[in-house]
file data-v4.cif (mmCIF, C-alpha atoms)
data_final
#
loop_
_atom_site.label_atom_id
_atom_site.label_comp_id
_atom_site.auth_asym_id
_atom_site.auth_seq_id
_atom_site.Cartn_x
_atom_site.Cartn_y
_atom_site.Cartn_z
CA MET A 29 40.22 40.49 -32.42
CA ASN A 30 38.69 37.76 -30.25
CA MET A 31 35.24 38.38 -28.84
CA GLN A 32 34.06 36.62 -25.67
CA THR A 33 30.33 36.01 -25.50
CA GLY A 34 28.49 35.24 -22.29
CA LYS A 35 26.47 32.09 -21.80
CA THR A 36 22.91 32.41 -23.08
CA LEU A 37 20.36 31.31 -20.52
CA SER A 38 17.14 29.55 -21.50
CA VAL A 39 13.76 30.96 -20.54
CA ALA A 40 13.50 28.53 -17.61
CA GLU A 41 17.05 29.23 -16.41
CA THR A 42 16.42 32.96 -16.55
CA ALA A 43 13.15 32.54 -14.62
CA LEU A 44 14.91 30.57 -11.87
CA CYS A 45 17.75 33.09 -11.53
CA ASP A 46 15.27 35.97 -11.44
CA ALA A 47 13.16 34.13 -8.87
CA TYR A 48 16.19 33.80 -6.61
CA ASP A 49 17.06 37.48 -6.93
CA GLN A 50 13.49 38.41 -6.04
CA ALA A 51 13.17 35.95 -3.14
CA ILE A 52 16.56 36.24 -1.46
CA GLY A 53 15.42 39.00 0.88
CA GLU A 54 12.67 36.82 2.36
CA LEU A 55 14.22 33.34 2.27
CA PRO A 56 14.81 32.14 5.86
CA GLY A 57 18.36 31.63 7.05
CA ASP A 58 21.27 33.11 8.97
CA GLY A 59 24.53 34.25 7.38
CA ALA A 60 25.88 30.72 6.90
CA VAL A 61 22.66 29.57 5.21
CA LEU A 62 22.55 32.61 2.93
CA ALA A 63 26.19 32.01 1.97
CA ALA A 64 25.38 28.38 1.15
CA ARG A 65 22.41 29.49 -0.94
CA ASP A 66 24.57 31.95 -2.88
CA VAL A 67 27.12 29.25 -3.67
CA LEU A 68 24.40 26.89 -4.93
CA ILE A 69 22.70 29.44 -7.18
CA SER A 70 26.08 30.62 -8.47
CA ASP A 71 26.98 27.04 -9.39
CA PHE A 72 23.59 26.68 -11.05
CA LYS A 73 24.15 29.82 -13.12
CA ASP A 74 27.52 28.48 -14.25
CA ALA A 75 26.29 24.98 -15.09
CA GLY A 76 22.73 25.74 -16.18
CA LEU A 77 20.10 23.05 -16.58
CA PRO A 78 21.58 19.69 -17.59
CA THR A 79 21.45 18.47 -21.19
CA ARG A 80 21.95 15.10 -22.86
CA ARG A 81 25.69 15.73 -22.73
CA ILE A 82 25.61 15.13 -18.96
CA GLU A 83 25.65 11.36 -18.60
CA ALA A 84 23.48 11.30 -15.47
CA TRP A 85 20.84 13.30 -17.39
CA HIS A 86 21.30 11.70 -20.81
CA TYR A 87 17.69 10.52 -21.05
CA THR A 88 16.19 13.61 -19.43
CA ASP A 89 17.39 16.72 -21.24
CA LEU A 90 16.11 19.13 -18.62
CA LYS A 91 17.21 22.20 -20.55
CA ALA A 92 15.01 21.15 -23.47
CA LEU A 93 12.12 19.68 -21.46
CA LEU A 94 11.70 22.46 -18.90
CA ARG A 95 10.35 25.25 -21.10
CA ALA A 96 9.03 27.57 -18.39
CA VAL A 97 8.96 27.95 -14.62
CA PRO A 98 6.02 29.56 -12.80
CA ALA A 99 6.75 32.42 -10.42
CA PHE A 100 6.22 32.13 -6.67
CA ASP A 101 2.55 32.55 -5.88
CA PRO A 102 2.08 33.35 -2.16
CA ALA A 103 -1.67 33.75 -2.73
CA ALA A 104 -2.13 30.18 -4.00
CA ALA A 105 -4.41 28.21 -1.70
CA ALA A 106 -3.99 24.45 -1.66
CA ASP A 107 -6.66 22.27 -0.07
CA ARG A 108 -5.89 19.94 2.82
CA ILE A 109 -6.54 16.29 2.09
CA GLU A 110 -7.38 13.25 4.15
CA PRO A 111 -4.49 10.99 5.20
CA LEU A 112 -3.78 7.99 3.02
CA VAL A 113 -4.27 5.63 5.97
CA GLU A 114 -6.71 6.21 8.80
CA GLY A 115 -4.94 6.99 12.05
CA ALA A 116 -1.74 8.26 10.44
CA ASN A 117 0.05 11.18 12.09
CA VAL A 118 -0.10 13.91 9.43
CA LEU A 119 2.68 16.47 9.07
CA SER A 120 1.22 18.96 6.64
CA VAL A 121 3.05 21.31 4.28
CA VAL A 122 0.72 23.56 2.27
CA ASN A 123 2.22 25.53 -0.62
CA GLY A 124 5.66 25.11 0.89
CA VAL A 125 4.79 26.22 4.44
CA ALA A 126 4.89 23.64 7.24
CA ASP A 127 2.15 23.46 9.86
CA LYS A 128 3.47 25.05 13.06
CA ARG A 129 1.29 22.77 15.18
CA ALA A 130 2.27 19.49 13.48
CA SER A 131 3.28 16.61 15.74
CA ALA A 132 3.53 12.83 15.69
CA ASP A 133 3.39 10.33 18.54
CA GLY A 134 6.87 9.16 19.53
CA VAL A 135 8.65 11.53 17.13
CA THR A 136 10.42 14.82 17.73
CA VAL A 137 9.18 17.09 14.94
CA THR A 138 10.47 20.58 14.18
CA ARG A 139 10.05 22.85 11.19
CA PHE A 140 12.94 22.95 8.75
CA ALA A 141 12.48 26.72 8.59
CA ASN A 142 13.75 26.86 12.19
CA ALA A 143 16.90 24.96 11.19
CA LEU A 144 17.45 27.50 8.42
CA ILE A 145 16.96 30.44 10.74
CA ASP A 146 19.34 29.16 13.44
CA GLY A 147 21.91 28.05 10.85
CA SER A 148 21.97 24.35 11.75
CA ALA A 149 20.78 23.49 8.23
CA ALA A 150 23.71 25.21 6.50
CA ALA A 151 25.99 22.14 6.45
CA GLY A 152 23.38 20.15 4.52
CA LEU A 153 22.84 22.77 1.82
CA VAL A 154 25.44 21.35 -0.56
CA ALA A 155 25.28 19.56 -3.89
CA ARG A 156 26.13 15.85 -3.94
CA ASP A 157 28.34 16.32 -7.00
CA GLY A 158 28.78 18.51 -10.06
CA ASP A 159 25.63 17.11 -11.72
CA ASP A 160 23.30 17.58 -8.75
CA THR A 161 20.82 20.04 -10.25
CA ILE A 162 18.07 19.05 -7.83
CA GLY A 163 20.29 19.59 -4.79
CA ARG A 164 21.38 22.99 -6.06
CA LEU A 165 17.91 24.27 -6.81
CA ASN A 166 16.35 22.89 -3.66
CA GLY A 167 19.16 24.18 -1.45
CA ALA A 168 18.98 27.63 -3.00
CA PHE A 169 15.21 27.98 -2.69
CA VAL A 170 14.14 25.75 0.22
CA ARG A 171 11.88 27.55 2.68
CA ASP A 172 10.43 24.89 4.93
CA GLY A 173 9.74 21.24 5.63
CA PHE A 174 10.09 19.04 8.69
CA VAL A 175 12.98 17.59 10.69
CA LEU A 176 12.14 14.17 12.15
CA ASP A 177 14.01 12.49 14.99
CA ILE A 178 12.86 9.02 16.01
CA PRO A 179 14.57 8.01 19.26
CA ALA A 180 16.45 4.76 19.79
CA GLY A 181 14.18 1.81 20.54
CA ALA A 182 10.98 3.60 19.51
CA GLU A 183 8.29 1.53 17.79
CA LEU A 184 5.69 3.73 16.09
CA GLU A 185 2.27 2.13 16.03
CA ASN A 186 0.83 4.44 13.36
CA PRO A 187 2.41 5.67 10.12
CA VAL A 188 3.74 9.21 9.86
CA GLU A 189 2.45 10.94 6.73
CA ILE A 190 4.45 13.88 5.44
CA GLN A 191 1.80 15.50 3.33
CA THR A 192 2.77 18.22 0.85
CA THR A 193 0.05 19.88 -1.20
CA GLN A 194 0.26 22.79 -3.60
CA ASN A 195 -1.89 24.51 -6.18
CA ALA A 196 0.42 26.80 -8.16
CA GLY A 197 3.76 28.58 -8.27
CA GLN A 198 6.89 27.10 -6.70
CA THR A 199 7.32 24.82 -3.70
CA HIS A 200 10.71 23.81 -2.26
CA THR A 201 10.79 21.54 0.80
CA ARG A 202 13.27 19.39 2.69
CA PHE A 203 12.78 16.50 5.13
CA PRO A 204 15.77 15.28 7.16
CA ALA A 205 14.91 12.19 9.22
CA THR A 206 17.04 10.27 11.71
CA PHE A 207 15.96 6.86 13.00
CA GLY A 208 17.63 5.83 16.25
CA ALA A 209 19.12 2.42 16.93
CA ASN A 210 16.59 -0.45 16.84
CA SER A 211 13.68 1.87 16.08
CA ARG A 212 10.68 0.76 13.98
CA ALA A 213 8.61 3.13 11.84
CA THR A 214 6.59 3.65 8.66
CA VAL A 215 6.73 7.02 6.90
CA ILE A 216 4.63 8.10 3.92
CA GLU A 217 6.04 11.00 1.89
CA ARG A 218 3.06 12.17 -0.16
CA HIS A 219 3.05 14.89 -2.84
CA VAL A 220 -0.34 15.94 -4.20
CA ALA A 221 -1.57 18.77 -6.39
CA THR A 222 -5.01 20.07 -5.40
CA GLY A 223 -5.53 22.37 -8.39
CA GLU A 224 -4.91 22.54 -12.12
CA ASN A 225 -2.47 25.47 -12.15
CA ALA A 226 1.11 24.62 -13.11
CA ALA A 227 3.58 24.22 -10.26
CA PHE A 228 7.34 23.73 -10.01
CA VAL A 229 8.27 21.49 -7.06
CA THR A 230 11.61 20.39 -5.63
CA THR A 231 11.98 18.21 -2.57
CA VAL A 232 14.92 16.55 -0.82
CA SER A 233 14.74 13.95 1.96
CA ASP A 234 17.85 13.01 3.95
CA ILE A 235 17.37 9.72 5.81
CA THR A 236 19.75 8.10 8.28
CA LEU A 237 19.04 4.65 9.73
CA SER A 238 21.10 3.90 12.82
CA ASP A 239 22.17 0.38 13.76
CA GLY A 240 19.33 -2.11 13.84
CA ALA A 241 16.62 0.33 12.68
CA GLU A 242 13.81 -1.07 10.54
CA VAL A 243 11.94 1.47 8.42
CA THR A 244 9.37 1.47 5.65
CA TRP A 245 9.44 4.72 3.65
CA ILE A 246 6.86 5.28 0.90
CA ILE A 247 7.05 8.08 -1.67
CA LEU A 248 3.70 8.69 -3.37
CA GLN A 249 3.89 11.35 -6.07
CA ALA A 250 0.57 12.46 -7.59
CA GLN A 251 1.24 15.92 -9.00
CA GLY A 252 -0.98 17.65 -11.53
CA ALA A 253 -0.90 17.13 -15.28
CA ALA A 254 1.02 20.40 -15.81
CA ASP A 255 3.44 20.13 -12.86
CA THR A 256 7.20 19.64 -12.70
CA HIS A 257 8.42 17.52 -9.80
CA LEU A 258 12.14 17.16 -9.02
CA GLY A 259 12.65 14.87 -6.03
CA GLN A 260 15.70 13.43 -4.33
CA ILE A 261 16.09 11.06 -1.41
CA ARG A 262 19.50 10.45 0.20
CA ILE A 263 19.84 7.43 2.46
CA THR A 264 22.54 6.08 4.78
CA LEU A 265 22.16 2.59 6.31
CA GLY A 266 23.92 1.59 9.52
CA THR A 267 24.83 -1.88 10.80
CA ASP A 268 21.94 -4.39 10.53
CA ALA A 269 19.59 -1.58 9.39
CA LYS A 270 16.69 -2.59 7.15
CA LEU A 271 14.90 -0.21 4.80
CA ARG A 272 11.91 -0.96 2.59
CA LEU A 273 11.58 1.92 0.15
CA TYR A 274 8.53 2.18 -2.11
CA VAL A 275 8.36 4.81 -4.86
CA ILE A 276 5.04 5.26 -6.65
CA ASN A 277 4.71 7.85 -9.42
CA ALA A 278 1.15 8.53 -10.55
CA GLY A 279 1.17 12.09 -11.84
CA GLY A 280 3.16 15.06 -13.06
CA LYS A 281 4.13 16.38 -16.47
CA LEU A 282 7.91 16.31 -15.95
CA VAL A 283 9.19 14.14 -13.10
CA ARG A 284 12.67 13.16 -11.95
CA GLN A 285 12.99 11.12 -8.77
CA GLU A 286 16.53 10.43 -7.63
CA ILE A 287 17.37 7.77 -5.02
CA HIS A 288 20.89 7.66 -3.63
CA VAL A 289 21.80 5.03 -1.02
CA VAL A 290 25.02 4.51 0.89
CA VAL A 291 25.26 1.12 2.61
CA SER A 292 27.78 1.79 5.37
CA GLY A 293 26.97 -0.87 7.98
CA GLU A 294 27.46 -4.64 7.79
CA GLY A 295 24.32 -6.76 7.78
CA SER A 296 22.15 -4.00 6.35
CA ASP A 297 19.41 -4.72 3.83
CA LEU A 298 17.74 -2.46 1.24
CA VAL A 299 14.49 -3.36 -0.50
CA LEU A 300 13.44 -0.94 -3.24
CA ARG A 301 10.14 -1.32 -5.04
CA GLY A 302 8.98 1.14 -7.66
CA ILE A 303 5.73 1.59 -9.60
CA ASN A 304 5.56 4.18 -12.40
CA LEU A 305 2.14 4.82 -13.92
CA LEU A 306 2.63 7.01 -16.98
CA GLY A 307 0.04 8.43 -19.35
CA GLY A 308 -0.60 11.42 -21.58
CA GLU A 309 2.69 13.14 -22.47
CA THR A 310 4.38 12.62 -19.12
CA HIS A 311 8.16 12.35 -18.93
CA ASN A 312 9.17 10.36 -15.84
CA ASP A 313 12.75 9.58 -14.81
CA VAL A 314 13.72 7.40 -11.83
CA THR A 315 17.48 7.46 -11.24
CA PHE A 316 18.87 5.16 -8.55
CA THR A 317 22.36 4.54 -7.14
CA VAL A 318 23.39 2.27 -4.30
CA GLY A 319 26.91 2.00 -2.97
CA HIS A 320 27.80 -1.14 -1.03
CA ASP A 321 30.83 0.03 0.95
CA VAL A 322 31.16 -2.76 3.54
CA PRO A 323 30.97 -6.59 3.53
CA ASN A 324 27.88 -8.76 4.08
CA THR A 325 25.09 -6.48 2.83
CA THR A 326 22.11 -7.08 0.56
CA SER A 327 19.88 -5.06 -1.74
CA THR A 328 17.05 -5.95 -4.13
CA GLU A 329 15.40 -3.51 -6.51
CA VAL A 330 12.28 -4.22 -8.57
CA ILE A 331 10.76 -1.49 -10.76
CA ARG A 332 7.45 -1.95 -12.60
CA ASN A 333 6.39 0.55 -15.28
CA VAL A 334 3.04 0.93 -17.06
CA ILE A 335 3.07 3.31 -20.02
CA PHE A 336 0.13 4.59 -22.07
CA ASP A 337 -0.40 7.23 -24.76
CA ARG A 338 2.72 9.26 -25.63
CA ALA A 339 4.36 9.03 -22.24
CA ARG A 340 8.09 8.53 -21.85
CA GLY A 341 9.75 6.69 -18.99
CA VAL A 342 13.35 6.34 -17.86
CA PHE A 343 15.02 4.09 -15.30
CA GLN A 344 18.70 4.45 -14.54
CA GLY A 345 19.94 2.07 -11.86
CA GLN A 346 23.50 1.64 -10.67
CA ILE A 347 24.87 -0.84 -8.12
CA ARG A 348 28.42 -0.09 -6.96
CA VAL A 349 30.40 -2.60 -4.89
CA ALA A 350 33.55 -1.30 -3.18
CA PRO A 351 36.75 -3.40 -3.00
CA ASP A 352 36.16 -4.19 0.68
CA ALA A 353 32.49 -5.10 0.23
CA GLN A 354 32.89 -8.87 -0.02
CA LYS A 355 29.79 -11.10 0.32
CA THR A 356 27.55 -8.42 -1.22
CA ASP A 357 24.27 -9.78 -2.61
CA ALA A 358 22.61 -7.23 -4.92
CA LYS A 359 19.96 -7.75 -7.60
CA MET A 360 18.04 -5.28 -9.74
CA SER A 361 15.25 -5.69 -12.30
CA CYS A 362 13.14 -3.31 -14.36
CA ASN A 363 9.94 -4.61 -16.01
CA THR A 364 7.82 -2.50 -18.34
CA LEU A 365 4.37 -2.81 -19.90
CA LEU A 366 4.51 -0.65 -23.03
CA LEU A 367 0.88 -0.21 -24.05
CA SER A 368 1.13 2.27 -26.89
CA ASP A 369 3.11 2.43 -30.14
CA GLU A 370 3.80 6.10 -29.39
CA ALA A 371 5.09 5.51 -25.87
CA ASP A 372 8.77 5.12 -25.06
CA PHE A 373 10.88 3.65 -22.28
CA SER A 374 14.64 3.72 -21.70
CA ALA A 375 16.34 1.41 -19.20
CA LYS A 376 19.98 1.73 -18.18
CA PRO A 377 21.01 -0.80 -15.51
CA GLU A 378 24.65 -0.72 -14.40
CA LEU A 379 26.98 -2.77 -12.21
CA GLU A 380 30.35 -1.53 -10.95
CA ILE A 381 31.99 -4.33 -8.99
CA PHE A 382 35.43 -4.06 -7.43
CA ALA A 383 35.16 -7.10 -5.11
CA ASP A 384 35.45 -10.74 -6.18
CA ASP A 385 33.23 -12.64 -3.70
CA VAL A 386 29.80 -11.21 -4.55
CA GLN A 387 26.46 -12.11 -6.12
CA CYS A 388 25.17 -9.28 -8.31
CA GLY A 389 22.85 -9.17 -11.27
CA HIS A 390 20.43 -7.01 -13.22
CA GLY A 391 17.82 -7.41 -15.92
CA ALA A 392 15.25 -5.45 -17.91
CA THR A 393 12.19 -6.43 -19.94
CA VAL A 394 9.74 -4.48 -22.12
CA ILE A 395 6.54 -6.23 -23.19
CA ASP A 396 2.90 -5.69 -24.16
CA ILE A 397 -0.11 -7.40 -22.57
CA ASP A 398 -0.31 -11.13 -23.30
CA HIS A 399 -3.14 -11.39 -25.82
CA THR A 400 -3.91 -14.95 -24.75
CA GLN A 401 -4.67 -13.73 -21.23
CA LEU A 402 -6.70 -10.84 -22.65
CA TYR A 403 -8.73 -13.22 -24.80
CA TYR A 404 -9.30 -15.51 -21.81
CA LEU A 405 -10.90 -12.69 -19.83
CA MET A 406 -12.91 -11.29 -22.74
CA ALA A 407 -14.24 -14.79 -23.56
CA ARG A 408 -15.83 -14.75 -20.11
CA GLY A 409 -17.78 -11.60 -20.78
CA ILE A 410 -15.36 -9.00 -19.43
CA PRO A 411 -15.15 -5.87 -21.64
CA GLU A 412 -11.76 -5.31 -23.25
CA ASN A 413 -10.93 -2.10 -21.35
CA LYS A 414 -11.84 -3.75 -18.04
CA ALA A 415 -9.83 -6.86 -18.92
CA ARG A 416 -6.79 -4.77 -19.81
CA ALA A 417 -7.08 -2.86 -16.53
CA MET A 418 -7.27 -6.14 -14.58
CA LEU A 419 -4.09 -7.45 -16.21
CA VAL A 420 -2.23 -4.20 -15.68
CA ASN A 421 -3.35 -4.08 -12.06
CA ALA A 422 -2.11 -7.63 -11.51
CA PHE A 423 1.26 -6.60 -12.96
CA VAL A 424 1.80 -3.97 -10.26
CA ALA A 425 -0.35 -5.31 -7.40
CA GLU A 426 2.14 -7.97 -6.37
CA ILE A 427 4.65 -5.22 -5.65
CA VAL A 428 2.28 -3.42 -3.28
CA GLU A 429 1.22 -6.65 -1.58
CA GLU A 430 4.78 -7.19 -0.36
CA LEU A 431 4.08 -4.51 2.27
CA GLU A 432 1.98 -6.97 4.30
CA ASP A 433 0.18 -4.05 5.95
CA GLU A 434 -3.47 -4.49 5.01
CA PRO A 435 -4.69 -0.88 5.45
CA LEU A 436 -1.66 0.48 3.61
CA VAL A 437 -1.94 -2.11 0.82
CA GLU A 438 -5.63 -1.28 0.35
CA ALA A 439 -4.92 2.44 0.23
CA LEU A 440 -2.17 2.10 -2.37
CA GLU A 441 -4.23 -0.33 -4.43
CA GLY A 442 -6.98 2.29 -4.42
CA VAL A 443 -4.59 4.91 -5.78
CA ILE A 444 -3.48 2.54 -8.54
CA ALA A 445 -7.05 1.50 -9.42
CA ALA A 446 -8.17 5.14 -9.65
CA TRP A 447 -5.29 5.97 -11.98
CA LEU A 448 -5.98 2.94 -14.19
CA GLU A 449 -9.69 3.76 -14.38
CA LYS A 450 -8.74 7.16 -15.78
CA HIS A 451 -6.05 6.02 -18.23
CA ALA A 452 -6.50 2.35 -19.12
#
call {"tool": "encode", "arguments": {"input": "data-v4.cif", "output": "structure tokens"}}
result
Amino acid sequence: MNMQTGKTLSVAETALCDAYDQAIGELPGDGAVLAARDVLISDFKDAGLPTRRIEAWHYTDLKALLRAVPAFDPAAAADRIEPLVEGANVLSVVNGVADKRASADGVTVTRFANALIDGSAAAGLVARDGDDTIGRLNGAFVRDGFVLDIPAGAELENPVEIQTTQNAGQTHTRFPATFGANSRATVIERHVATGENAAFVTTVSDITLSDGAEVTWIILQAQGAADTHLGQIRITLGTDAKLRLYVINAGGKLVRQEIHVVVSGEGSDLVLRGINLLGGETHNDVTFTVGHDVPNTTSTEVIRNVIFDRARGVFQGQIRVAPDAQKTDAKMSCNTLLLSDEADFSAKPELEIFADDVQCGHGATVIDIDHTQLYYLMARGIPENKARAMLVNAFVAEIVEELEDEPLVEALEGVIAAWLEKHA
């Protein structure tokens, strides 16, 4: 006799399925949205959390790393924080609930909860592929966020700061943003924990740059030491569109930030800069894909990692060049300062090239601080810990300085300096 046994769920998988069953009656959405949610959670139940056997998650065995998931905590009270840059238009989300009064000069802003209620969000609640755990979980649980529409020709004088804060429980947000033709804007997507209670956070941003748009988008993740942060940003670039994307990770216990870019317009340019500051027992994974689908496009990616203590870092980067994408110029590098014998970093750069007239390359380095430089500073009376912090700061500062926006550069340098003061 053959016996069929059902799949055994882990503690975290069980907690997520139970959370959905308990929340489904109060999650916003019309019939189409609820149907989309049911499909996503059903697919999640079938697939479960990814393990090392899933190539896209090979270095982040989520089933093993995610041991528990906190329940929703509607009573949790997160504190509001000051904007990163003075004068920024703040769009605030506190414990997963967007501010009803939020607005930004020159931008049409609506709550994502409204798009769920009227059903217009249903089409976007789909997984990218069979391994899209973040898309499934976020789509199943998302409650709120903001929808941004920047009109054609608009030039925003002040940055827009999407500010999400939480203290405990679960937070699931989504931020679709459309930039009209020839628009100019800077957006800061900021995730901050204001308490010490463990939180489970998912967030998805869908960004579309129309022809000729020029956008700077900054993701600043500073979750708490016990928090799990699963983030995803999906980007489509139109003709002659230019995107400068900065990703700075300076917190969290378990972090996965996915970046997926589709280059669909000729003449477009992507600049990705990443800074990962890892300490304690943090596990941080940045996974990046860019698909060059048309001719005459460029992309450059530079990732800098600083790793202390027993932290573990991962960078997976893939450049894909389609057969028709002649004259593609794409370069990617990942540079790591490994400052502890117990720390670990895995780098997996990939090129998939199906065109013959291209310039593509990638590289990765892992080093310690140059002891000659350290000695030079200490010989001039600088204490060793201060000297090490100065060298580490110099390693990442040149990335931030590329922004050429003095207030923004100073603010980000302050975030980096505060983190180094605590960990270096």
call {"tool": "residues_around", "arguments": {"input": "data-v4.cif", "residues": "Glu438 of chain A", "least_positions_apart": "6", "cutoff": "10 Å", "atoms": "all atoms listed in the file", "output": "list of chain:residue names"}}
result
A:Leu112, A:Val113, A:Val428, A:Glu429, A:Ile444
call {"tool": "closest_residue", "arguments": {"input": "data-v4.cif", "among": "A:Ala452, A:Val386, A:Ile178, A:Ile235", "to": "Asp337 of chain A", "atoms": "all atoms listed in the file"}}
result
A:Ala452
call {"tool": "closest_residue", "arguments": {"input": "data-v4.cif", "among": "A:Leu77, A:Ala60, A:Val443, A:Ala339", "to": "Gly158 of chain A", "atoms": "all atoms listed in the file"}}
result
A:Leu77
call {"tool": "residues_around", "arguments": {"input": "data-v4.cif", "residues": "Gly152 of chain A", "least_positions_apart": "4", "cutoff": "12 Å", "atoms": "only C-alpha atoms", "output": "ChimeraX atom specification"}}
result
/A:60-61,64-65,68,140,143-144,147-148,156,163-164,166-168,170,202-204,232-234,262
call {"tool": "write_last_selection", "arguments": {"input": "data-v4.cif", "atoms": "C-alpha atoms", "output": "mmCIF file, in the frame of the given file"}}
result
data_model
loop_
_atom_site.group_PDB
_atom_site.id
_atom_site.type_symbol
_atom_site.label_atom_id
_atom_site.label_comp_id
_atom_site.auth_asym_id
_atom_site.auth_seq_id
_atom_site.Cartn_x
_atom_site.Cartn_y
_atom_site.Cartn_z
ATOM 1 C CA ALA A 60 25.880 30.720 6.900
ATOM 2 C CA VAL A 61 22.660 29.570 5.210
ATOM 3 C CA ALA A 64 25.380 28.380 1.150
ATOM 4 C CA ARG A 65 22.410 29.490 -0.940
ATOM 5 C CA LEU A 68 24.400 26.890 -4.930
ATOM 6 C CA PHE A 140 12.940 22.950 8.750
ATOM 7 C CA ALA A 143 16.900 24.960 11.190
ATOM 8 C CA LEU A 144 17.450 27.500 8.420
ATOM 9 C CA GLY A 147 21.910 28.050 10.850
ATOM 10 C CA SER A 148 21.970 24.350 11.750
ATOM 11 C CA ARG A 156 26.130 15.850 -3.940
ATOM 12 C CA GLY A 163 20.290 19.590 -4.790
ATOM 13 C CA ARG A 164 21.380 22.990 -6.060
ATOM 14 C CA ASN A 166 16.350 22.890 -3.660
ATOM 15 C CA GLY A 167 19.160 24.180 -1.450
ATOM 16 C CA ALA A 168 18.980 27.630 -3.000
ATOM 17 C CA VAL A 170 14.140 25.750 0.220
ATOM 18 C CA ARG A 202 13.270 19.390 2.690
ATOM 19 C CA PHE A 203 12.780 16.500 5.130
ATOM 20 C CA PRO A 204 15.770 15.280 7.160
ATOM 21 C CA VAL A 232 14.920 16.550 -0.820
ATOM 22 C CA SER A 233 14.740 13.950 1.960
ATOM 23 C CA ASP A 234 17.850 13.010 3.950
ATOM 24 C CA ARG A 262 19.500 10.450 0.200
#
call {"tool": "resolve_selection", "arguments": {"input": "data-v4.cif", "expression": "the PyMOL selection byres ((chain A and resi 384) around 9)", "output": "CSV table (one decimal) with C-alpha atoms, keeping the file's coordinate frame"}}
result
chain,number,residue,atom,x,y,z
A,351,PRO,CA,36.8,-3.4,-3.0
A,354,GLN,CA,32.9,-8.9,0.0
A,355,LYS,CA,29.8,-11.1,0.3
A,381,ILE,CA,32.0,-4.3,-9.0
A,382,PHE,CA,35.4,-4.1,-7.4
A,383,ALA,CA,35.2,-7.1,-5.1
A,385,ASP,CA,33.2,-12.6,-3.7
A,386,VAL,CA,29.8,-11.2,-4.6
call {"tool": "residues_around", "arguments": {"input": "data-v4.cif", "residues": "Val334 of chain A", "least_positions_apart": "2", "cutoff": "7 Å", "atoms": "all atoms listed in the file", "output": "MDAnalysis selection string"}}
result
chainID A and resid 304:306 332 336 364:366
call {"tool": "atom_distance", "arguments": {"input": "data-v4.cif", "atom1": "atom CA of Ala417 of chain A", "atom2": "atom CA of Ile335 of chain A"}}
result
12.4 Å
call {"tool": "resolve_selection", "arguments": {"input": "data-v4.cif", "expression": "the PyMOL selection byres ((chain A and resi 238-243) around 8)", "output": "list in words"}}
result
Thr206, Phe207, Gly208, Ala209, Asn210, Ser211, Arg212, Ala213, Thr214, Val215, Thr236, Leu237, Thr244, Trp245, Leu265, Gly266, Thr267, Asp268, Ala269, Lys270, Leu271, Arg272 and Gly293 of chain A
call {"tool": "residues_around", "arguments": {"input": "data-v4.cif", "residues": "Leu419 of chain A", "least_positions_apart": "5", "cutoff": "10 Å", "atoms": "all atoms listed in the file", "output": "CSV table (one decimal) with C-alpha atoms, in the frame of the given file"}}
result
chain,number,residue,atom,x,y,z
A,397,ILE,CA,-0.1,-7.4,-22.6
A,398,ASP,CA,-0.3,-11.1,-23.3
A,401,GLN,CA,-4.7,-13.7,-21.2
A,402,LEU,CA,-6.7,-10.8,-22.6
A,405,LEU,CA,-10.9,-12.7,-19.8
A,414,LYS,CA,-11.8,-3.8,-18.0
A,424,VAL,CA,1.8,-4.0,-10.3
A,425,ALA,CA,-0.4,-5.3,-7.4
call {"tool": "atom_distance", "arguments": {"input": "data-v4.cif", "atom1": "atom CA of Glu309 of chain A", "atom2": "atom CA of Leu258 of chain A"}}
result
16.9 Å
call {"tool": "resolve_selection", "arguments": {"input": "data-v4.cif", "expression": "the PyMOL selection byres ((chain A and resi 117) around 8)", "output": "PyMOL selection string"}}
result
chain A and resi 115-116+118-119+131-133+186-189
call {"tool": "write_last_selection", "arguments": {"input": "data-v4.cif", "atoms": "C-alpha atoms", "output": "mmCIF file, in the frame of the given file"}}
result
data_model
loop_
_atom_site.group_PDB
_atom_site.id
_atom_site.type_symbol
_atom_site.label_atom_id
_atom_site.label_comp_id
_atom_site.auth_asym_id
_atom_site.auth_seq_id
_atom_site.Cartn_x
_atom_site.Cartn_y
_atom_site.Cartn_z
ATOM 1 C CA GLY A 115 -4.940 6.990 12.050
ATOM 2 C CA ALA A 116 -1.740 8.260 10.440
ATOM 3 C CA VAL A 118 -0.100 13.910 9.430
ATOM 4 C CA LEU A 119 2.680 16.470 9.070
ATOM 5 C CA SER A 131 3.280 16.610 15.740
ATOM 6 C CA ALA A 132 3.530 12.830 15.690
ATOM 7 C CA ASP A 133 3.390 10.330 18.540
ATOM 8 C CA ASN A 186 0.830 4.440 13.360
ATOM 9 C CA PRO A 187 2.410 5.670 10.120
ATOM 10 C CA VAL A 188 3.740 9.210 9.860
ATOM 11 C CA GLU A 189 2.450 10.940 6.730
#
call {"tool": "closest_residue", "arguments": {"input": "data-v4.cif", "among": "A:Glu378, A:Glu430, A:Asp107, A:Asp177", "to": "Ala196 of chain A", "atoms": "only C-alpha atoms"}}
result
A:Asp107
call {"tool": "residues_around", "arguments": {"input": "data-v4.cif", "residues": "segment 311-318 of chain A", "least_positions_apart": "6", "cutoff": "10 Å", "atoms": "only C-alpha atoms", "output": "JSON, numbers by chain"}}
result
{"A": [84, 85, 87, 88, 93, 256, 257, 258, 259, 260, 261, 262, 263, 264, 275, 277, 278, 279, 280, 281, 282, 283, 284, 285, 286, 287, 288, 289, 290, 291, 298, 300, 302, 304, 305, 327, 329, 331, 338, 339, 340, 341, 342, 343, 344, 345, 346, 347, 348, 349, 358, 372, 373, 374, 375, 376, 377, 378]}
